[in-house]
Structure formats: C-alpha cells, structure tokens
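protein19.pdb follows (PDB, C-alpha atoms):
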ATOM      1  CA  ALA A   1     -63.677  -3.341  -6.903
ATOM      2  CA  PHE A   2     -63.437  -7.031  -7.548
ATOM      3  CA  THR A   3     -62.274  -8.494 -10.839
ATOM      4  CA  LEU A   4     -61.931 -12.100 -11.805
ATOM      5  CA  LYS A   5     -60.475 -12.940 -15.184
ATOM      6  CA  ALA A   6     -60.192 -16.469 -16.478
ATOM      7  CA  PRO A   7     -59.434 -16.560 -20.209
ATOM      8  CA  VAL A   8     -59.457 -20.036 -21.683
ATOM      9  CA  SER A   9     -58.256 -20.899 -25.140
ATOM     10  CA  ILE A  10     -58.912 -24.189 -26.888
ATOM     11  CA  SER A  11     -56.820 -25.244 -29.830
ATOM     12  CA  THR A  12     -56.915 -28.402 -31.870
ATOM     13  CA  THR A  13     -54.024 -30.484 -32.978
ATOM     14  CA  GLN A  14     -54.229 -33.038 -35.718
ATOM     15  CA  THR A  15     -52.494 -36.308 -35.166
ATOM     16  CA  SER A  16     -50.214 -37.529 -37.893
ATOM     17  CA  THR A  17     -51.097 -40.995 -39.033
ATOM     18  CA  PRO A  18     -50.121 -43.202 -41.938
ATOM     19  CA  LYS A  19     -52.192 -43.010 -45.147
ATOM     20  CA  HIS A  20     -53.801 -46.372 -44.626
ATOM     21  CA  ALA A  21     -55.163 -45.565 -41.136
ATOM     22  CA  SER A  22     -58.855 -45.263 -40.574
ATOM     23  CA  ALA A  23     -60.684 -41.955 -40.393
ATOM     24  CA  LEU A  24     -61.183 -42.469 -36.681
ATOM     25  CA  SER A  25     -57.490 -42.201 -36.000
ATOM     26  CA  LYS A  26     -57.253 -38.949 -37.990
ATOM     27  CA  MET A  27     -59.548 -37.004 -35.689
ATOM     28  CA  GLU A  28     -58.544 -33.725 -34.195
ATOM     29  CA  ILE A  29     -57.786 -33.777 -30.482
ATOM     30  CA  PRO A  30     -58.667 -30.625 -28.619
ATOM     31  CA  THR A  31     -56.102 -29.376 -26.169
ATOM     32  CA  LEU A  32     -56.957 -26.981 -23.413
ATOM     33  CA  SER A  33     -54.662 -24.246 -22.219
ATOM     34  CA  SER A  34     -55.977 -21.916 -19.613
ATOM     35  CA  THR A  35     -54.659 -18.922 -17.799
ATOM     36  CA  VAL A  36     -56.400 -17.835 -14.644
ATOM     37  CA  ARG A  37     -55.652 -14.485 -13.083
ATOM     38  CA  LEU A  38     -57.460 -13.520  -9.932
ATOM     39  CA  GLN A  39     -57.338  -9.988  -8.642
ATOM     40  CA  MET A  40     -59.305  -8.984  -5.611
ATOM     41  CA  SER A  41     -59.067  -5.771  -3.721
ATOM     42  CA  ALA A  42     -61.283  -3.634  -1.593
ATOM     43  CA  ASN A  43     -60.692  -0.080  -0.546
ATOM     44  CA  ASP A  44     -61.303  -0.661   3.159
ATOM     45  CA  GLU A  45     -59.004  -3.674   3.523
ATOM     46  CA  THR A  46     -55.267  -3.627   3.992
ATOM     47  CA  PRO A  47     -53.105  -6.614   3.110
ATOM     48  CA  ALA A  48     -51.783  -8.685   5.994
ATOM     49  CA  ALA A  49     -48.204  -7.944   4.951
ATOM     50  CA  ALA A  50     -48.835  -4.212   5.259
ATOM     51  CA  GLN A  51     -50.044  -4.484   8.853
ATOM     52  CA  LYS A  52     -47.072  -3.854  11.105
ATOM     53  CA  SER A  53     -46.918  -4.228  14.845
ATOM     54  CA  ASN A  54     -46.062  -1.204  16.920
ATOM     55  CA  LEU A  55     -44.112  -3.354  19.384
ATOM     56  CA  PRO A  56     -40.315  -3.502  19.355
ATOM     57  CA  MET A  57     -38.824  -6.599  17.733
ATOM     58  CA  LEU A  58     -38.004  -8.306  21.058
ATOM     59  CA  LEU A  59     -41.504  -7.821  22.452
ATOM     60  CA  ASP A  60     -43.458  -8.838  19.351
ATOM     61  CA  PRO A  61     -44.181 -12.595  19.604
ATOM     62  CA  GLY A  62     -44.877 -12.616  15.853
ATOM     63  CA  THR A  63     -41.158 -12.240  15.107
ATOM     64  CA  LYS A  64     -38.360 -14.739  15.659
ATOM     65  CA  GLY A  65     -36.628 -12.353  18.044
ATOM     66  CA  GLY A  66     -39.825 -11.885  20.025
ATOM     67  CA  ALA A  67     -40.444 -15.630  20.249
ATOM     68  CA  LEU A  68     -36.883 -16.251  21.458
ATOM     69  CA  PHE A  69     -37.054 -13.403  23.969
ATOM     70  CA  LEU A  70     -40.444 -14.536  25.312
ATOM     71  CA  SER A  71     -39.199 -18.130  25.646
ATOM     72  CA  LEU A  72     -36.108 -16.932  27.514
ATOM     73  CA  VAL A  73     -38.200 -14.802  29.880
ATOM     74  CA  LEU A  74     -40.612 -17.661  30.551
ATOM     75  CA  PHE A  75     -37.639 -19.881  31.354
ATOM     76  CA  ILE A  76     -35.753 -17.438  33.601
ATOM     77  CA  VAL A  77     -38.607 -15.831  35.601
ATOM     78  CA  PRO A  78     -39.569 -19.006  37.542
ATOM     79  CA  ILE A  79     -35.888 -19.618  38.367
ATOM     80  CA  ILE A  80     -35.502 -16.079  39.701
ATOM     81  CA  VAL A  81     -38.719 -16.395  41.742
ATOM     82  CA  TYR A  82     -37.469 -19.720  43.152
ATOM     83  CA  GLU A  83     -34.118 -18.199  44.159
ATOM     84  CA  VAL A  84     -35.784 -15.191  45.776
ATOM     85  CA  CYS A  85     -38.172 -17.417  47.754
ATOM     86  CA  THR A  86     -35.559 -19.928  48.932
ATOM     87  CA  VAL A  87     -32.566 -17.648  49.533
ATOM     88  CA  GLY A  88     -34.332 -14.355  50.305
ATOM     89  CA  PHE A  89     -37.211 -15.634  52.426
ATOM     90  CA  GLY A  90     -35.709 -18.928  53.604
ATOM     91  CA  LEU A  91     -38.610 -21.106  52.420
ATOM     92  CA  ASP A  92     -38.281 -24.849  51.810
ATOM     93  CA  GLY A  93     -37.028 -25.563  48.277
ATOM     94  CA  ILE A  94     -39.338 -28.529  47.591
ATOM     95  CA  ASP A  95     -42.551 -26.733  48.609
ATOM     96  CA  THR A  96     -41.482 -23.548  46.852
ATOM     97  CA  GLY A  97     -40.777 -25.487  43.633
ATOM     98  CA  LYS A  98     -44.182 -27.157  43.777
ATOM     99  CA  TRP A  99     -46.037 -23.878  44.252
ATOM    100  CA  ILE A 100     -44.043 -22.082  41.591
ATOM    101  CA  GLY A 101     -44.784 -24.913  39.151
ATOM    102  CA  VAL A 102     -48.503 -24.839  39.958
ATOM    103  CA  GLY A 103     -48.645 -21.041  39.815
ATOM    104  CA  PHE A 104     -46.659 -20.834  36.581
ATOM    105  CA  THR A 105     -48.829 -23.484  34.917
ATOM    106  CA  PHE A 106     -52.039 -21.800  36.096
ATOM    107  CA  PHE A 107     -50.864 -18.339  35.005
ATOM    108  CA  THR A 108     -49.708 -19.418  31.549
ATOM    109  CA  THR A 109     -52.886 -21.469  30.968
ATOM    110  CA  ILE A 110     -55.123 -18.527  31.902
ATOM    111  CA  LEU A 111     -53.039 -16.236  29.692
ATOM    112  CA  TRP A 112     -53.233 -18.630  26.739
ATOM    113  CA  VAL A 113     -57.007 -19.119  27.112
ATOM    114  CA  GLY A 114     -57.422 -15.336  27.345
ATOM    115  CA  THR A 115     -55.573 -14.760  24.087
ATOM    116  CA  TYR A 116     -57.621 -17.499  22.418
ATOM    117  CA  ILE A 117     -60.919 -16.001  23.574
ATOM    118  CA  PHE A 118     -59.754 -12.570  22.415
ATOM    119  CA  ARG A 119     -58.910 -13.908  18.950
ATOM    120  CA  VAL A 120     -62.285 -15.666  18.721
ATOM    121  CA  ALA A 121     -64.141 -12.522  19.840
ATOM    122  CA  THR A 122     -62.329 -10.335  17.291
ATOM    123  CA  LYS A 123     -62.592 -13.041  14.576
ATOM    124  CA  ASP A 124     -58.827 -12.989  14.120
ATOM    125  CA  MET A 125     -58.728 -16.729  13.474
ATOM    126  CA  THR A 126     -57.395 -18.526  10.395
ATOM    127  CA  TYR A 127     -60.779 -20.121   9.634
ATOM    128  CA  ALA A 128     -62.617 -16.790   9.799
ATOM    129  CA  LYS A 129     -60.082 -15.176   7.468
ATOM    130  CA  GLN A 130     -60.279 -18.069   4.987
ATOM    131  CA  LEU A 131     -64.085 -17.982   5.070
ATOM    132  CA  LYS A 132     -64.109 -14.232   4.385
ATOM    133  CA  ASP A 133     -61.675 -14.673   1.457
ATOM    134  CA  TYR A 134     -63.847 -17.474   0.052
ATOM    135  CA  GLU A 135     -67.016 -15.393   0.349
ATOM    136  CA  ASN A 136     -65.304 -12.490  -1.422
ATOM    137  CA  ALA A 137     -64.192 -14.809  -4.237
ATOM    138  CA  VAL A 138     -67.735 -16.175  -4.630
ATOM    139  CA  ILE A 139     -69.161 -12.648  -4.768
ATOM    140  CA  ALA A 140     -66.533 -11.648  -7.331
ATOM    141  CA  LYS A 141     -67.352 -14.676  -9.482
ATOM    142  CA  ARG A 142     -71.079 -13.951  -9.332
ATOM    143  CA  LEU A 143     -70.449 -10.297 -10.146
ATOM    144  CA  GLU A 144     -68.413 -11.333 -13.187
ATOM    145  CA  GLU A 145     -71.274 -13.454 -14.485
ATOM    146  CA  LEU A 146     -73.773 -10.553 -14.363
ATOM    147  CA  ASP A 147     -74.620  -8.414 -17.364
ATOM    148  CA  GLU A 148     -73.916  -4.685 -17.339
ATOM    149  CA  ASP A 149     -77.598  -3.781 -16.896
ATOM    150  CA  GLU A 150     -77.915  -6.178 -13.933
ATOM    151  CA  ILE A 151     -74.825  -4.640 -12.337
ATOM    152  CA  GLN A 152     -76.226  -1.151 -12.880
ATOM    153  CA  ALA A 153     -79.536  -2.215 -11.278
ATOM    154  CA  LEU A 154     -77.682  -3.603  -8.255
ATOM    155  CA  VAL A 155     -75.660  -0.401  -7.876
ATOM    156  CA  GLU A 156     -78.825   1.699  -8.034
ATOM    157  CA  ASP A 157     -80.516  -0.577  -5.484
ATOM    158  CA  ILE A 158     -77.540  -0.279  -3.109
ATOM    159  CA  GLU A 159     -77.444   3.499  -3.503
ATOM    160  CA  ARG A 160     -81.163   3.668  -2.786
ATOM    161  CA  ASP A 161     -80.712   1.597   0.402
ATOM    162  CA  ASP A 162     -77.796   3.731   1.625
ATOM    163  CA  PHE A 163     -79.857   6.924   1.674
TER     164      PHE A 163
END
Represent the structure of the file as structure tokens.
Amino acid sequence: AFTLKAPVSISTTQTSTPKHASALSKMEIPTLSSTVRLQMSANDETPAAAQKSNLPMLLDPGTKGGALFLSLVLFIVPIIVYEVCTVGFGLDGIDTGKWIGVGFTFFTTILWVGTYIFRVATKDMTYAKQLKDYENAVIAKRLEELDEDEIQALVEDIERDDF
C-alpha cells in the first residue's frame, strides 16, 4: 500500500502600516507553510537496513572490520607468496616479484570486474535502486490523484488479469 500525504495550509498576514499609507501597502500577503509526509511501503520489499549478511564480521566487506581484514589479507598474501617462492623454491627475487605483481594485478582486476558484472546482472546498483524508488513514488503520486471509483476500477481490472 502506498500513501502520499502533502497537506498545505495558506494563511494571510496583514502588514501594519501608518494611517496615511496607500491602500496598496495595506494588502494581505499570503504565507505558505507546508508539511510533506511521504510513506511508502510494499509487502514484498524489505528495507535495506533489515537485510543482514550471513557472513562473520571479519569476512563481510560491507563492515569496517571486513574492509580492514580484506585489506590486510590482500597486503600479506603476495608477501607470503614471494617468500615461499624465493626461500622455498630458490627462485630469483626480481623475476618472482614481477610475476607476483602481474598475477596479483590480473587476479584482482578479474575479481573486481566479476563482482561488477554480477551487480549489473542482479540490478544491485545504486542507479537501479534510485530508479525503482522514483518509479514507486510516481505511481504513489498518481494513485493519490485518482478518485475512489477509478481506484476501484483499477483494482477490479488487476484482479481480472490475475485470474
């Protein structure tokens, strides 16, 4: 159910002027005070704040702890791989560093592009969410402007189409 309420009240105030002033200066000046309250809800939607991640705090990149932990892991893993390759396998440090840098850059770029494509495919982007909220607000505003008999006709039409 969508509701949009925008009560507006207009009051007039009379200016105080001296007795000898013209009639034009004694006119009433309307002042506008408005209160807008917007309530939108749908039964099948859950608020973004109510959606919780099932991941632990350190593994959820949406939390500060998760961002710090992920940054620390991304910093330490290449160093550990470098040490294992140079000390454990006896490879040249310069060549190993080059290949770890190239591999790390390639891996993180592919991972980032993958998450971006996933968010685009699932429409979990800021623009898509804002567009959906705007469309819902427009529908709510149009619904508010309809008469009761027009709303009843729409409901009957929708019920007819559902069956």
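Those residues that approach region 95-111 of chain A to within 8 Å, counting all atoms listed in the file, are Pro78, Val81, Tyr82, Cys85 and Thr86 of chain A; same-chain residues fewer than 5 positions away are not listed.
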Next, the residues of the selection above should be written as an mmCIF file, in the frame of the given file with C-alpha atoms.
data_model
loop_
_atom_site.group_PDB
_atom_site.id
_atom_site.type_symbol
_atom_site.label_atom_id
_atom_site.label_comp_id
_atom_site.auth_asym_id
_atom_site.auth_seq_id
_atom_site.Cartn_x
_atom_site.Cartn_y
_atom_site.Cartn_z
ATOM 1 C CA PRO A 78 -39.569 -19.006 37.542
ATOM 2 C CA VAL A 81 -38.719 -16.395 41.742
ATOM 3 C CA TYR A 82 -37.469 -19.720 43.152
ATOM 4 C CA CYS A 85 -38.172 -17.417 47.754
ATOM 5 C CA THR A 86 -35.559 -19.928 48.932
#
Determine the axis-aligned bounding box of all atoms of region 102-119 of chain A present in the file, pad each side by 3 Å, and express its centre and edge lengths in Å to one decimal place as JSON.
{"center_x": -53.8, "center_y": -18.7, "center_z": 29.5, "size_x": 20.3, "size_y": 18.3, "size_z": 27.0}
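Taking CA of Val138 (chain A) and CA of Thr126 (chain A) as the two end points, the separation is 18.4 Å.
If you look at CA of Ala153 (chain A) and CA of Glu135 (chain A), they are 21.6 Å away from each other.
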Check: CA of Val113 (chain A) and CA of Lys52 (chain A) are how many Å apart?
Finding: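 Going from CA of Val113 (chain A) over to CA of Lys52 (chain A) covers 24.2 Å.
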